[in-house]
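> This is start25.cif, which holds mmCIF, C-alpha atoms and all ligand atoms:
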```
data_work
#
loop_
_atom_site.label_atom_id
_atom_site.label_comp_id
_atom_site.auth_asym_id
_atom_site.auth_seq_id
_atom_site.Cartn_x
_atom_site.Cartn_y
_atom_site.Cartn_z
CA MET A 576 -13.81 -13.89 -3.01
CA ILE A 577 -11.37 -10.98 -2.70
CA ARG A 578 -8.31 -11.30 -4.90
CA PRO A 579 -5.32 -10.64 -2.63
CA LEU A 580 -2.76 -8.00 -3.53
CA VAL A 581 0.92 -8.26 -2.66
CA ALA A 582 2.56 -4.89 -3.22
CA GLY A 583 6.26 -4.08 -3.03
CA ASN A 584 7.20 -0.54 -2.03
CA TRP A 585 10.81 -0.01 -3.01
CA LYS A 586 10.89 3.45 -1.39
CA MET A 587 14.06 5.40 -2.38
CA ASN A 588 15.91 2.29 -3.48
CA GLY A 589 16.85 0.94 -6.88
CA LEU A 590 19.02 1.81 -9.85
CA LYS A 591 18.80 0.45 -13.39
CA ALA A 592 20.53 -2.75 -12.26
CA SER A 593 17.53 -3.45 -9.99
CA LEU A 594 15.28 -4.01 -13.00
CA GLY A 595 16.50 -7.62 -12.93
CA GLU A 596 14.46 -8.04 -9.74
CA VAL A 597 11.31 -6.90 -11.55
CA LEU A 598 12.06 -9.37 -14.33
CA ALA A 599 12.61 -12.17 -11.81
CA VAL A 600 9.32 -11.38 -10.07
CA ALA A 601 7.53 -11.40 -13.44
CA GLU A 602 9.04 -14.78 -14.27
CA GLY A 603 8.01 -16.16 -10.89
CA VAL A 604 4.45 -14.90 -11.32
CA ALA A 605 4.27 -16.34 -14.84
CA SER A 606 5.45 -19.72 -13.56
CA GLY A 607 2.64 -19.81 -10.99
CA ALA A 608 4.71 -19.13 -7.85
CA THR A 609 2.18 -16.66 -6.48
CA GLY A 610 -1.11 -18.42 -7.11
CA ASP A 611 -4.06 -16.08 -7.58
CA ALA A 612 -2.47 -13.10 -5.86
CA GLU A 613 -2.21 -9.86 -7.79
CA MET A 614 1.37 -8.59 -7.68
CA ALA A 615 2.42 -4.96 -7.88
CA ILE A 616 5.79 -3.22 -7.63
CA PHE A 617 6.28 0.43 -6.67
CA PRO A 618 9.77 1.35 -7.86
CA PRO A 619 11.16 4.89 -7.63
CA ALA A 620 9.62 7.05 -10.36
CA THR A 621 12.96 7.05 -12.19
CA LEU A 622 12.54 3.32 -12.93
CA LEU A 623 8.81 3.22 -13.49
CA TYR A 624 8.77 3.14 -17.27
CA ALA A 625 11.58 0.60 -17.60
CA ALA A 626 9.90 -1.49 -14.90
CA THR A 627 6.70 -1.70 -16.94
CA VAL A 628 8.74 -3.31 -19.72
CA ALA A 629 10.46 -5.75 -17.33
CA ALA A 630 7.13 -6.62 -15.70
CA LYS A 631 5.93 -8.23 -18.96
CA GLY A 632 2.31 -7.38 -18.20
CA VAL A 633 2.06 -9.90 -15.34
CA VAL A 634 3.12 -7.57 -12.51
CA ALA A 635 1.30 -4.27 -12.01
CA LEU A 636 3.25 -1.07 -11.42
CA GLY A 637 2.57 1.95 -9.29
CA GLY A 638 3.99 5.24 -8.07
CA GLN A 639 4.93 5.96 -4.45
CA ASP A 640 3.21 9.36 -4.36
CA CYS A 641 1.61 11.86 -6.71
CA ALA A 642 0.82 15.55 -6.75
CA ALA A 643 -2.75 16.75 -6.32
CA ASP A 644 -2.65 18.86 -9.49
CA ALA A 645 -2.61 17.40 -12.99
CA ASP A 646 0.13 19.74 -14.26
CA GLY A 647 1.57 23.19 -13.76
CA ALA A 648 4.30 25.09 -11.94
CA HIS A 649 5.23 22.54 -9.26
CA THR A 650 8.95 21.90 -9.65
CA GLY A 651 9.96 18.38 -8.82
CA ASP A 652 6.44 17.02 -8.45
CA ILE A 653 4.93 14.18 -10.48
CA SER A 654 1.24 14.07 -11.30
CA ALA A 655 -1.06 11.07 -11.27
CA GLU A 656 -1.54 11.57 -15.02
CA MET A 657 2.23 11.27 -15.55
CA LEU A 658 2.32 7.99 -13.60
CA ALA A 659 -0.61 6.64 -15.60
CA ASP A 660 1.09 7.74 -18.82
CA LEU A 661 4.10 5.55 -17.94
CA GLY A 662 1.93 2.49 -17.34
CA ALA A 663 1.20 2.72 -13.62
CA SER A 664 -2.15 1.44 -12.43
CA PHE A 665 -1.66 2.12 -8.69
CA VAL A 666 -0.23 4.85 -6.49
CA ILE A 667 0.67 4.67 -2.78
CA LEU A 668 -0.72 7.69 -0.94
CA GLY A 669 -0.39 8.89 2.63
CA HIS A 670 2.54 6.63 3.49
CA SER A 671 3.78 7.45 6.98
CA GLU A 672 7.16 8.46 5.54
CA ARG A 673 5.40 11.08 3.37
CA ARG A 674 3.31 12.20 6.34
CA ALA A 675 6.41 12.50 8.58
CA ASP A 676 9.05 13.73 6.11
CA HIS A 677 6.88 15.98 3.92
CA GLY A 678 4.20 17.18 6.32
CA GLU A 679 1.39 15.45 4.46
CA THR A 680 -1.87 15.95 6.33
CA ASN A 681 -5.06 13.97 5.88
CA GLU A 682 -6.38 16.90 3.84
CA ILE A 683 -3.43 16.75 1.44
CA VAL A 684 -3.77 12.98 1.15
CA ASN A 685 -7.50 13.38 0.49
CA ALA A 686 -6.74 15.70 -2.46
CA LYS A 687 -4.16 13.24 -3.80
CA VAL A 688 -6.66 10.36 -3.67
CA LYS A 689 -8.99 12.45 -5.85
CA ALA A 690 -6.08 13.12 -8.21
CA ALA A 691 -5.37 9.39 -8.49
CA TRP A 692 -9.01 8.71 -9.37
CA ARG A 693 -8.99 11.56 -11.91
CA ALA A 694 -6.08 9.82 -13.68
CA GLY A 695 -7.63 6.37 -13.45
CA LEU A 696 -5.16 5.08 -10.84
CA THR A 697 -6.09 2.98 -7.82
CA PRO A 698 -4.69 4.54 -4.65
CA ILE A 699 -3.28 2.41 -1.85
CA LEU A 700 -4.20 4.67 1.04
CA CYS A 701 -1.89 4.15 4.04
CA ILE A 702 -2.94 4.64 7.65
CA GLY A 703 -1.37 3.60 10.93
CA GLU A 704 -0.44 4.70 14.42
CA THR A 705 2.93 5.67 15.92
CA GLN A 706 4.46 3.86 18.88
CA GLU A 707 3.43 6.73 21.14
CA GLU A 708 -0.16 6.53 19.94
CA ARG A 709 -0.24 2.77 20.44
CA ASP A 710 1.24 3.10 23.94
CA GLY A 711 -1.44 5.70 24.68
CA GLY A 712 -4.22 3.32 23.66
CA GLN A 713 -5.15 5.54 20.71
CA THR A 714 -4.60 3.10 17.83
CA LEU A 715 -8.24 2.66 16.83
CA ASP A 716 -8.99 6.37 17.16
CA VAL A 717 -5.99 7.39 15.06
CA VAL A 718 -6.72 4.87 12.33
CA GLY A 719 -10.37 5.90 12.37
CA TRP A 720 -9.77 9.60 11.86
CA GLN A 721 -7.01 9.06 9.30
CA LEU A 722 -9.41 6.93 7.30
CA ARG A 723 -12.31 9.35 7.69
CA ASP A 724 -10.35 12.46 6.73
CA SER A 725 -8.02 11.03 4.06
CA LEU A 726 -10.73 9.30 2.08
CA PRO A 727 -12.91 11.44 -0.21
CA GLU A 728 -16.47 10.58 -1.22
CA GLY A 729 -16.74 8.12 -4.07
CA ALA A 730 -14.63 5.19 -2.84
CA SER A 731 -15.50 1.62 -3.77
CA ALA A 732 -13.89 -1.80 -3.98
CA ALA A 733 -13.10 -1.02 -7.62
CA ASN A 734 -11.07 2.11 -6.95
CA LEU A 735 -9.48 1.80 -3.52
CA VAL A 736 -7.02 -0.31 -1.53
CA ILE A 737 -6.28 0.45 2.13
CA ALA A 738 -2.97 -0.39 3.80
CA TYR A 739 -2.72 -0.58 7.58
CA GLU A 740 0.90 0.10 8.45
CA PRO A 741 1.72 0.66 12.12
CA VAL A 742 4.54 3.22 11.95
CA TRP A 743 6.52 1.44 14.67
CA ALA A 744 6.49 -1.80 12.66
CA ILE A 745 7.98 -0.25 9.50
CA GLY A 746 11.58 -1.26 8.93
CA THR A 747 12.03 -2.36 12.53
CA GLY A 748 11.47 -6.11 12.35
CA LEU A 749 8.67 -5.64 14.89
CA THR A 750 5.11 -6.70 14.06
CA PRO A 751 1.84 -6.48 15.97
CA THR A 752 0.35 -9.72 17.27
CA VAL A 753 -2.10 -11.43 14.95
CA GLU A 754 -4.82 -10.48 17.46
CA ASP A 755 -3.88 -6.82 17.18
CA VAL A 756 -3.83 -6.97 13.38
CA ALA A 757 -7.23 -8.70 13.40
CA GLU A 758 -8.70 -6.04 15.68
CA VAL A 759 -7.48 -3.07 13.63
CA HIS A 760 -8.45 -4.62 10.29
CA ALA A 761 -11.93 -5.45 11.61
CA VAL A 762 -12.39 -1.84 12.72
CA ILE A 763 -11.21 -0.54 9.34
CA ARG A 764 -13.60 -2.94 7.57
CA GLN A 765 -16.51 -1.88 9.75
CA SER A 766 -15.90 1.80 9.24
CA LEU A 767 -15.67 1.30 5.46
CA VAL A 768 -18.96 -0.64 5.45
CA ASP A 769 -20.63 1.95 7.70
CA ARG A 770 -19.62 4.73 5.33
CA LEU A 771 -19.88 3.04 1.92
CA GLY A 772 -22.32 0.20 2.37
CA GLU A 773 -22.01 -3.55 1.93
CA GLY A 774 -19.91 -3.21 -1.23
CA ALA A 775 -17.05 -2.11 1.03
CA ALA A 776 -16.79 -5.69 2.25
CA ALA A 777 -14.79 -6.27 -0.95
CA ILE A 778 -12.27 -3.43 -0.47
CA ARG A 779 -8.80 -4.86 -0.06
CA ILE A 780 -7.14 -4.04 3.24
CA LEU A 781 -3.39 -4.79 3.21
CA TYR A 782 -1.14 -5.20 6.22
CA GLY A 783 2.29 -3.55 6.05
CA GLY A 784 5.24 -3.34 8.42
CA SER A 785 8.16 -5.82 8.55
CA VAL A 786 6.41 -8.45 6.42
CA LYS A 787 8.96 -11.07 5.42
CA PRO A 788 8.97 -14.70 4.24
CA SER A 789 9.13 -16.00 7.83
CA ASN A 790 6.00 -14.20 9.08
CA ALA A 791 3.91 -13.86 5.90
CA ALA A 792 1.84 -17.00 6.34
CA GLU A 793 0.76 -15.98 9.84
CA LEU A 794 -0.02 -12.35 8.99
CA LEU A 795 -1.77 -13.03 5.68
CA ALA A 796 -4.07 -15.60 7.30
CA VAL A 797 -5.61 -13.00 9.62
CA PRO A 798 -9.27 -12.23 8.85
CA ASN A 799 -9.72 -9.02 6.79
CA VAL A 800 -6.07 -9.08 5.71
CA ASN A 801 -6.31 -9.15 1.92
CA GLY A 802 -2.63 -8.92 1.11
CA ALA A 803 0.55 -7.14 2.12
CA LEU A 804 2.41 -3.89 1.49
CA VAL A 805 6.03 -4.99 1.69
CA GLY A 806 9.02 -2.67 2.02
CA GLY A 807 12.51 -4.08 2.53
CA ALA A 808 11.70 -7.67 1.60
CA SER A 809 10.28 -6.56 -1.76
CA LEU A 810 13.72 -5.44 -2.96
CA ASN A 811 14.70 -9.07 -3.40
CA ALA A 812 12.66 -11.07 -5.92
CA VAL A 813 13.13 -14.37 -4.10
CA ASP A 814 11.86 -12.95 -0.80
CA PHE A 815 9.00 -11.05 -2.45
CA LEU A 816 7.87 -14.13 -4.36
CA SER A 817 8.15 -16.23 -1.24
CA ILE A 818 5.81 -13.86 0.64
CA ALA A 819 3.21 -14.02 -2.15
CA GLY A 820 3.76 -17.77 -2.34
CA VAL A 821 1.46 -17.98 0.68
CA TYR A 822 -1.38 -17.66 -1.83
CA LYS A 823 -0.22 -20.56 -3.95
CA ALA A 824 -2.83 -23.29 -3.72
P1 LIG B 901 9.10 -2.73 5.69
O1 LIG B 901 8.47 -3.95 5.08
O2 LIG B 901 10.52 -2.51 5.27
O3 LIG B 901 8.90 -2.71 7.18
O4 LIG B 901 8.30 -1.45 5.11
C1 LIG B 901 6.91 -1.44 5.16
C2 LIG B 901 6.43 -0.28 4.40
O5 LIG B 901 6.54 0.84 4.81
C3 LIG B 901 5.79 -0.54 3.08
O6 LIG B 901 5.15 0.60 2.61
#
```
How does the structure come out when it is put into structure tokens?
Ligand code: 13P


Amino acid sequence: MIRPLVAGNWKMNGLKASLGEVLAVAEGVASGATGDAEMAIFPPATLLYAATVAAKGVVALGGQDCAADADGAHTGDISAEMLADLGASFVILGHSERRADHGETNEIVNAKVKAAWRAGLTPILCIGETQEERDGGQTLDVVGWQLRDSLPEGASAANLVIAYEPVWAIGTGLTPTVEDVAEVHAVIRQSLVDRLGEGAAAIRILYGGSVKPSNAAELLAVPNVNGALVGGASLNAVDFLSIAGVYKA
């Protein structure tokens, strides 16, 4: 049995007043609203420490990115060790917004995954095709090479989560069909097993891109979908809890 993970990526949203949402999620989790699902929130780094307090130990916390180096002369950057020091246990790496807005290549993401492991964090490694790539029939190729090149040696179910996020589905309200999600997740699973062995059958593969309360049940029931990486709908505790409520027995 794979324990599902429902992760909320707040992106560049949230001020101190938003900590009430973390508290509300923690209360919902404590009251059993999310069943066996593991819950994690990825606030902006500015709120990370305060969020660990509000999360009351029942919601995990993570960073949205980290630097490859542990410390040094890198103005504005935040290391994996700094995230871990604040109480993070996860870090999102290779999100398409980082790849597009900050020129992050697979090689850079690969180095950041190693940094996360060095600090004891579990990376959520994001991969996914653009609309142009999907229209060109390249989805499986793109996802395959992103996975191959972004993932260093040494991955296992204990230290890695994958998130498949089609770029065109992020923030658009559009989602792939369940058949398309099933196909891509099956290919990701197979390539993980081919590379890492049977233990990779237990690596969590999340779906992300316009997940909301109204489509969560359908998307989370797809084979090889072991949870969700939620953007916009994670900013509201009621919506975020409702998505994870799919896992309530
Ligand atoms: P939305 O849920 O807002 O589409 O964002 C998805 C995402 O990018 C999560 O990382």

> Please identify the residues whose atoms come within 7 Å of ligand LIG 901 (chain B), using all atoms listed in the file, and report them as an NGL selection string.

:A and (584 or 670 or 740 or 744-748 or 783-786 or 804-808)

> Could you check which of A:Ala675, A:Ala776, A:Ala645, A:Ile818 is closest to A:Arg693, using all atoms listed in the file?

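Using all atoms listed in the file, the shortest distance to A:Arg693 belongs to A:Ala645.
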
> Please identify all polymer residues within 8 Å of A:Leu781, counting all atoms listed in the file, omitting same-chain residues fewer than 4 positions from it, and present them as a PyMOL selection string.

chain A and resi 580+736-739+800-804

> Can you list, as a PDB file with C-alpha atoms, in the coordinates of the input, every protein, DNA or RNA residue that comes within 10 Å of A:Phe665 when you count all atoms listed in the file, leaving out same-chain residues fewer than 2 positions away?


```
ATOM      1  CA  ALA A 582       2.560  -4.890  -3.220  1.00  0.00           C
ATOM      2  CA  ALA A 615       2.420  -4.960  -7.880  1.00  0.00           C
ATOM      3  CA  ILE A 616       5.790  -3.220  -7.630  1.00  0.00           C
ATOM      4  CA  PHE A 617       6.280   0.430  -6.670  1.00  0.00           C
ATOM      5  CA  ALA A 635       1.300  -4.270 -12.010  1.00  0.00           C
ATOM      6  CA  LEU A 636       3.250  -1.070 -11.420  1.00  0.00           C
ATOM      7  CA  GLY A 637       2.570   1.950  -9.290  1.00  0.00           C
ATOM      8  CA  GLY A 638       3.990   5.240  -8.070  1.00  0.00           C
ATOM      9  CA  GLN A 639       4.930   5.960  -4.450  1.00  0.00           C
ATOM     10  CA  ASP A 640       3.210   9.360  -4.360  1.00  0.00           C
ATOM     11  CA  ALA A 655      -1.060  11.070 -11.270  1.00  0.00           C
ATOM     12  CA  LEU A 658       2.320   7.990 -13.600  1.00  0.00           C
ATOM     13  CA  ALA A 659      -0.610   6.640 -15.600  1.00  0.00           C
ATOM     14  CA  GLY A 662       1.930   2.490 -17.340  1.00  0.00           C
ATOM     15  CA  ALA A 663       1.200   2.720 -13.620  1.00  0.00           C
ATOM     16  CA  ILE A 667       0.670   4.670  -2.780  1.00  0.00           C
ATOM     17  CA  LEU A 668      -0.720   7.690  -0.940  1.00  0.00           C
ATOM     18  CA  ALA A 691      -5.370   9.390  -8.490  1.00  0.00           C
ATOM     19  CA  TRP A 692      -9.010   8.710  -9.370  1.00  0.00           C
ATOM     20  CA  GLY A 695      -7.630   6.370 -13.450  1.00  0.00           C
ATOM     21  CA  LEU A 696      -5.160   5.080 -10.840  1.00  0.00           C
ATOM     22  CA  THR A 697      -6.090   2.980  -7.820  1.00  0.00           C
ATOM     23  CA  PRO A 698      -4.690   4.540  -4.650  1.00  0.00           C
ATOM     24  CA  ILE A 699      -3.280   2.410  -1.850  1.00  0.00           C
ATOM     25  CA  ASN A 734     -11.070   2.110  -6.950  1.00  0.00           C
ATOM     26  CA  LEU A 735      -9.480   1.800  -3.520  1.00  0.00           C
ATOM     27  CA  VAL A 736      -7.020  -0.310  -1.530  1.00  0.00           C
TER      28      VAL A 736
END
```

> Ranking A:Asn685, A:Trp585, A:Gln706, A:Val742 by minimum distance to A:Leu722 and counting all atoms listed in the file, which one comes first?

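Ranking A:Asn685, A:Trp585, A:Gln706, A:Val742 by distance to A:Leu722, first place goes to A:Asn685.
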
> Which residue out of A:Thr750, A:Pro727, A:Trp743, A:Lys787 has the minimum interatomic distance to A:Asp710 when all atoms listed in the file are used?

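That would be A:Trp743, the residue with the smallest distance to A:Asp710.
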
> With only C-alpha atoms as the atoms that count, which of A:Leu598, A:Ala642, A:Leu661, A:Ser809 lies nearest to A:Thr621?

A:Leu661

> Any idea what the distance is between atom CA of A:Glu793 and atom CA of A:Gln765?

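Between atom CA of A:Glu793 and atom CA of A:Gln765 the gap is 22.3 Å.
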
> Quote the spacing between atom CA of A:Ala796 and atom CA of A:Tyr782 in Å to one decimal place.

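Pair atom CA of A:Ala796 / atom CA of A:Tyr782 returns 10.9 Å.
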
> In Å, with one decimal, what is the gap from atom CA of A:Ala686 to atom CA of A:Ser731?

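Those two atoms sit 16.6 Å apart.
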
> I'd like to know which of A:Gly647, A:Leu810, A:Tyr822, A:Asn790 is closest to A:Ala592, using all atoms listed in the file.

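Among A:Gly647, A:Leu810, A:Tyr822, A:Asn790, it is A:Leu810 that comes nearest to A:Ala592.
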
> Need a file for stretch 693-706 of chain A from that block: all heavy atoms, written as a PDB file, in the first residue's frame.


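This went into result_4.pdb:
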```pdb
ATOM      1  N   ARG A 693      21.121  15.623   0.480  1.00  0.00           N
ATOM      2  CA  ARG A 693      22.219  15.947   1.409  1.00  0.00           C
ATOM      3  C   ARG A 693      21.667  16.524   2.719  1.00  0.00           C
ATOM      4  O   ARG A 693      22.179  16.255   3.800  1.00  0.00           O
ATOM      5  CB  ARG A 693      23.126  16.974   0.712  1.00  0.00           C
ATOM      6  CG  ARG A 693      24.385  17.365   1.454  1.00  0.00           C
ATOM      7  CD  ARG A 693      25.098  18.505   0.729  1.00  0.00           C
ATOM      8  NE  ARG A 693      24.280  19.703   0.721  1.00  0.00           N
ATOM      9  CZ  ARG A 693      24.131  20.531  -0.317  1.00  0.00           C
ATOM     10  NH1 ARG A 693      24.774  20.329  -1.449  1.00  0.00           N
ATOM     11  NH2 ARG A 693      23.347  21.583  -0.221  1.00  0.00           N
ATOM     12  N   ALA A 694      20.561  17.299   2.604  1.00  0.00           N
ATOM     13  CA  ALA A 694      19.979  17.949   3.785  1.00  0.00           C
ATOM     14  C   ALA A 694      18.891  17.097   4.439  1.00  0.00           C
ATOM     15  O   ALA A 694      18.276  17.533   5.407  1.00  0.00           O
ATOM     16  CB  ALA A 694      19.402  19.304   3.382  1.00  0.00           C
ATOM     17  N   GLY A 695      18.652  15.921   3.889  1.00  0.00           N
ATOM     18  CA  GLY A 695      17.631  15.050   4.472  1.00  0.00           C
ATOM     19  C   GLY A 695      16.209  15.388   4.064  1.00  0.00           C
ATOM     20  O   GLY A 695      15.245  14.947   4.700  1.00  0.00           O
ATOM     21  N   LEU A 696      16.049  16.184   2.989  1.00  0.00           N
ATOM     22  CA  LEU A 696      14.718  16.522   2.494  1.00  0.00           C
ATOM     23  C   LEU A 696      14.300  15.553   1.396  1.00  0.00           C
ATOM     24  O   LEU A 696      15.139  15.026   0.670  1.00  0.00           O
ATOM     25  CB  LEU A 696      14.706  17.932   1.896  1.00  0.00           C
ATOM     26  CG  LEU A 696      15.062  19.097   2.806  1.00  0.00           C
ATOM     27  CD1 LEU A 696      15.020  20.400   2.006  1.00  0.00           C
ATOM     28  CD2 LEU A 696      14.102  19.177   3.984  1.00  0.00           C
ATOM     29  N   THR A 697      12.993  15.351   1.270  1.00  0.00           N
ATOM     30  CA  THR A 697      12.460  14.556   0.161  1.00  0.00           C
ATOM     31  C   THR A 697      12.047  15.496  -0.963  1.00  0.00           C
ATOM     32  O   THR A 697      11.152  16.330  -0.781  1.00  0.00           O
ATOM     33  CB  THR A 697      11.226  13.750   0.602  1.00  0.00           C
ATOM     34  OG1 THR A 697      11.624  12.860   1.646  1.00  0.00           O
ATOM     35  CG2 THR A 697      10.640  12.953  -0.561  1.00  0.00           C
ATOM     36  N   PRO A 698      12.701  15.403  -2.124  1.00  0.00           N
ATOM     37  CA  PRO A 698      12.282  16.252  -3.230  1.00  0.00           C
ATOM     38  C   PRO A 698      10.992  15.757  -3.883  1.00  0.00           C
ATOM     39  O   PRO A 698      10.766  14.552  -3.984  1.00  0.00           O
ATOM     40  CB  PRO A 698      13.446  16.146  -4.225  1.00  0.00           C
ATOM     41  CG  PRO A 698      14.171  14.896  -3.876  1.00  0.00           C
ATOM     42  CD  PRO A 698      13.891  14.593  -2.439  1.00  0.00           C
ATOM     43  N   ILE A 699      10.153  16.706  -4.288  1.00  0.00           N
ATOM     44  CA  ILE A 699       9.041  16.400  -5.200  1.00  0.00           C
ATOM     45  C   ILE A 699       9.511  16.906  -6.560  1.00  0.00           C
ATOM     46  O   ILE A 699       9.541  18.117  -6.821  1.00  0.00           O
ATOM     47  CB  ILE A 699       7.729  17.089  -4.773  1.00  0.00           C
ATOM     48  CG1 ILE A 699       7.306  16.614  -3.381  1.00  0.00           C
ATOM     49  CG2 ILE A 699       6.635  16.811  -5.812  1.00  0.00           C
ATOM     50  CD1 ILE A 699       5.956  17.163  -2.918  1.00  0.00           C
ATOM     51  N   LEU A 700       9.944  15.988  -7.385  1.00  0.00           N
ATOM     52  CA  LEU A 700      10.545  16.328  -8.679  1.00  0.00           C
ATOM     53  C   LEU A 700       9.437  16.466  -9.723  1.00  0.00           C
ATOM     54  O   LEU A 700       8.687  15.514  -9.976  1.00  0.00           O
ATOM     55  CB  LEU A 700      11.532  15.218  -9.077  1.00  0.00           C
ATOM     56  CG  LEU A 700      12.129  15.301 -10.472  1.00  0.00           C
ATOM     57  CD1 LEU A 700      12.889  16.604 -10.688  1.00  0.00           C
ATOM     58  CD2 LEU A 700      13.047  14.108 -10.721  1.00  0.00           C
ATOM     59  N   CYS A 701       9.338  17.672 -10.309  1.00  0.00           N
ATOM     60  CA  CYS A 701       8.242  17.960 -11.246  1.00  0.00           C
ATOM     61  C   CYS A 701       8.693  17.795 -12.693  1.00  0.00           C
ATOM     62  O   CYS A 701       9.768  18.276 -13.078  1.00  0.00           O
ATOM     63  CB  CYS A 701       7.755  19.389 -11.061  1.00  0.00           C
ATOM     64  SG  CYS A 701       7.157  19.745  -9.407  1.00  0.00           S
ATOM     65  N   ILE A 702       7.845  17.142 -13.466  1.00  0.00           N
ATOM     66  CA  ILE A 702       8.080  16.962 -14.900  1.00  0.00           C
ATOM     67  C   ILE A 702       6.747  17.167 -15.620  1.00  0.00           C
ATOM     68  O   ILE A 702       5.689  17.038 -15.009  1.00  0.00           O
ATOM     69  CB  ILE A 702       8.655  15.559 -15.218  1.00  0.00           C
ATOM     70  CG1 ILE A 702       7.740  14.457 -14.671  1.00  0.00           C
ATOM     71  CG2 ILE A 702      10.059  15.397 -14.616  1.00  0.00           C
ATOM     72  CD1 ILE A 702       8.218  13.043 -15.002  1.00  0.00           C
ATOM     73  N   GLY A 703       6.820  17.497 -16.895  1.00  0.00           N
ATOM     74  CA  GLY A 703       5.573  17.678 -17.642  1.00  0.00           C
ATOM     75  C   GLY A 703       5.814  18.423 -18.937  1.00  0.00           C
ATOM     76  O   GLY A 703       6.749  19.233 -19.041  1.00  0.00           O
ATOM     77  N   GLU A 704       4.950  18.164 -19.904  1.00  0.00           N
ATOM     78  CA  GLU A 704       5.115  18.729 -21.238  1.00  0.00           C
ATOM     79  C   GLU A 704       4.340  20.040 -21.414  1.00  0.00           C
ATOM     80  O   GLU A 704       3.351  20.268 -20.737  1.00  0.00           O
ATOM     81  CB  GLU A 704       4.652  17.708 -22.290  1.00  0.00           C
ATOM     82  CG  GLU A 704       3.150  17.638 -22.546  1.00  0.00           C
ATOM     83  CD  GLU A 704       2.338  16.994 -21.420  1.00  0.00           C
ATOM     84  OE1 GLU A 704       2.926  16.532 -20.427  1.00  0.00           O
ATOM     85  OE2 GLU A 704       1.091  16.961 -21.556  1.00  0.00           O
ATOM     86  N   THR A 705       4.789  20.856 -22.368  1.00  0.00           N
ATOM     87  CA  THR A 705       4.057  22.069 -22.747  1.00  0.00           C
ATOM     88  C   THR A 705       2.935  21.692 -23.724  1.00  0.00           C
ATOM     89  O   THR A 705       2.891  20.574 -24.251  1.00  0.00           O
ATOM     90  CB  THR A 705       4.981  23.078 -23.446  1.00  0.00           C
ATOM     91  OG1 THR A 705       5.464  22.461 -24.656  1.00  0.00           O
ATOM     92  CG2 THR A 705       6.157  23.482 -22.575  1.00  0.00           C
ATOM     93  N   GLN A 706       2.070  22.674 -23.985  1.00  0.00           N
ATOM     94  CA  GLN A 706       0.994  22.446 -24.964  1.00  0.00           C
ATOM     95  C   GLN A 706       1.579  22.097 -26.335  1.00  0.00           C
ATOM     96  O   GLN A 706       1.111  21.176 -27.018  1.00  0.00           O
ATOM     97  CB  GLN A 706       0.146  23.721 -25.079  1.00  0.00           C
ATOM     98  CG  GLN A 706      -1.027  23.574 -26.029  1.00  0.00           C
ATOM     99  CD  GLN A 706      -2.149  22.736 -25.443  1.00  0.00           C
ATOM    100  OE1 GLN A 706      -2.753  23.129 -24.447  1.00  0.00           O
ATOM    101  NE2 GLN A 706      -2.436  21.590 -26.022  1.00  0.00           N
TER     102      GLN A 706
END
```
